[in-house]
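Notes to accompany the following structure.
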Amino acid sequence: MTQEKGTATKLSLNLRKMKFMQRCMSENERQELEESDKIITSEHWELDLPEMLENESRFLHIPSITHFEPCRHGRLSFGGYNKAIEKLMKELEQPKENDDDGHNSDLSISDDEMAERYSSLVGTVGNKFKANSKQSTKKGRKLEPLAEDKEQSLQVKRTKLDKRGFMKPSV
Amino acid sequence: MTGNLLDGKIVVPGDVFSAADENFKLVNKIKLGPGLTTNQAQKIIVCKSGTLRYKSPDTLWVDCHQQRYIPSKGENVIGVITSRQGDFYKVDIGASDQAVLNCMSFEGASKRNRPNVSNGDVVFGQLIVANKDVEPELSCIDPSSGKANGMGILSGDGILFTISLNLGRKLLSPDCVLLPELGSHVSFEIIIGLNGKVALFCKSAQQSVCIMNLIKATEYMSNTDIMKALNKQFF
């Protein structure tokens with residue numbers, strides 16, 4: 001009965017391609033499957049045509065004249081008529097100035113700006129360190145124990161452990 | 001003939017010159033601007049009448065007087081809303097075809113929160129699609145930053161008028177002294193589209209008309225002439 005069934009039914013191609021089916025497949029079958037795959041791909045996706053020659057043009061067409069004649073942003077405000085736009089104008093024209101400098105163009109913050117920021121921060125940063133130094137003087141020994149103190153404290157710890165000795169775990 | 005000799009030459013449509021005999025430093029491709037095309041034989045053909053301009057090392061274009069706007073991608077233009085079709089508005093930007101403007105391409109717009117736009121509104125936007133085969137498309141959001149950057153519906157009491165495309169570019173060039181100098185005397189807001197439309201907002205109607213006439217009169221003036229005219233007006 002079982003033998004008859006095995007010879008009569010032929011499994012579909014898609015089923016045979018599945019990974020768990022391939023494990024028990026013989027090598028001949030496997031090669032057949034691979035070959036059939038190759039035939040399909042080459043027939044379906046490759047056209048037998050001569051290679052296209054790349055049309056090399058020596059010209060590049062640029063339709064927009066803004067590429068040739070530099071133009072500012074089209075919306076301008078003067079004399080404080082529209083303050084939002086005046087702010088925008090400044091923003092849009094600043095990066096151009098940076099580009100003119102050349103060497104500064106890749107820096108996001110210029111040296112002058114950095115110096116300005118820090119000059120205003122000098123006081124506050126100073127306070128921070130003052131507070132730290134006060135704390136450290138109060139805690140003094142705790143923060144930076146001397147080498148001798150360290151040794152002492154280690155010895156104390158050891159002695160404590162020794163006194164207890166080995167403790168058997170209950171049960 | 002070198003590229004420098006070409007600069008300032010008067011050309012008419014049909015003029016042909018070869019790029020081969022000129023001493024272009026052919027490291028890169030030659031950049032051709034509006035008014036110039038090429039043919040199969042790798043020659044440059046002029047298709048607009050005007051003066052030829054050359055910028056070292058490899059850039060050529062034709063500078064010509066023009067009133068008709070030809071859309072090109074990335075340019076900021078002013079348009080007037082003419083109708084609404086579903087999610088899109090039709091905008092007259094002065095080109096051969098009307099531009100479309102999606103109601104979602106305003107800053108802060110969502111499906112629920114649509115911008116309040118009606119026919120006849122003036123809008124300042126950027127062209128994001130400009131192709132000779134497809135209608136141009138406007139957007140009021142700067143694609144690089146995702147912000148409005150001054151674009152959107154222009155509201156308030158102002159005046160909209162048309163100038164030539166050259167004058168628009170001249171006013172917007174960083175060298176032109178007219179607007180900054182005018183701004184030191186009068187407070188006003190001006191929006192100049194590269195399609196030659198200008199929206200002007202002032203504190204009074206007299207000022208608006210005065211500035212409009214001044215702008216129109218400066219088309220063929222040099223910077224020194226502009227300064228003279230301004231001094232006459234204000235002193």
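If you're wondering about the labels, chains in the structure tokens are A, B, ... by order shown, residues count from 1 in each chain, ligands from 1 in order shown.
Interface residues of chain B facing chain A, defined by any atom at most 7 Å away and using only C-alpha atoms, are Lys29, Ile30, Lys31, Leu32, Gly33, Pro34, Ser72, Lys73, Asn76, Gly150, Arg169, Leu172, Ser173, Pro174, Gly183, Ser184, Val186, Ser187, Phe188, Glu189, Ile190, Ile191, Ile192 and Gly193 of chain B.
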Review point. Among segment 15-223 of chain B, which ones does DSSP place in strand (DSSP E), written as a VMD selection string?
Key: chain B and resid 16 to 18 30 to 32 36 to 38 43 to 46 50 to 55 59 to 63 76 to 85 88 to 92 99 to 102 122 to 131 134 to 139 152 to 154 158 to 162 188 to 192 197 to 201
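The gap separating atom CA of Lys10 of chain A from atom CA of Glu34 of chain A is 18.3 Å, in Å to one decimal.
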Point to revise | Non-local contacts of Gly152 of chain B (10 Å; only C-alpha atoms; under 6 positions in same chain excluded) as an NGL selection string | key: :B and (78 or 105-107 or 115 or 122-126 or 139-141)
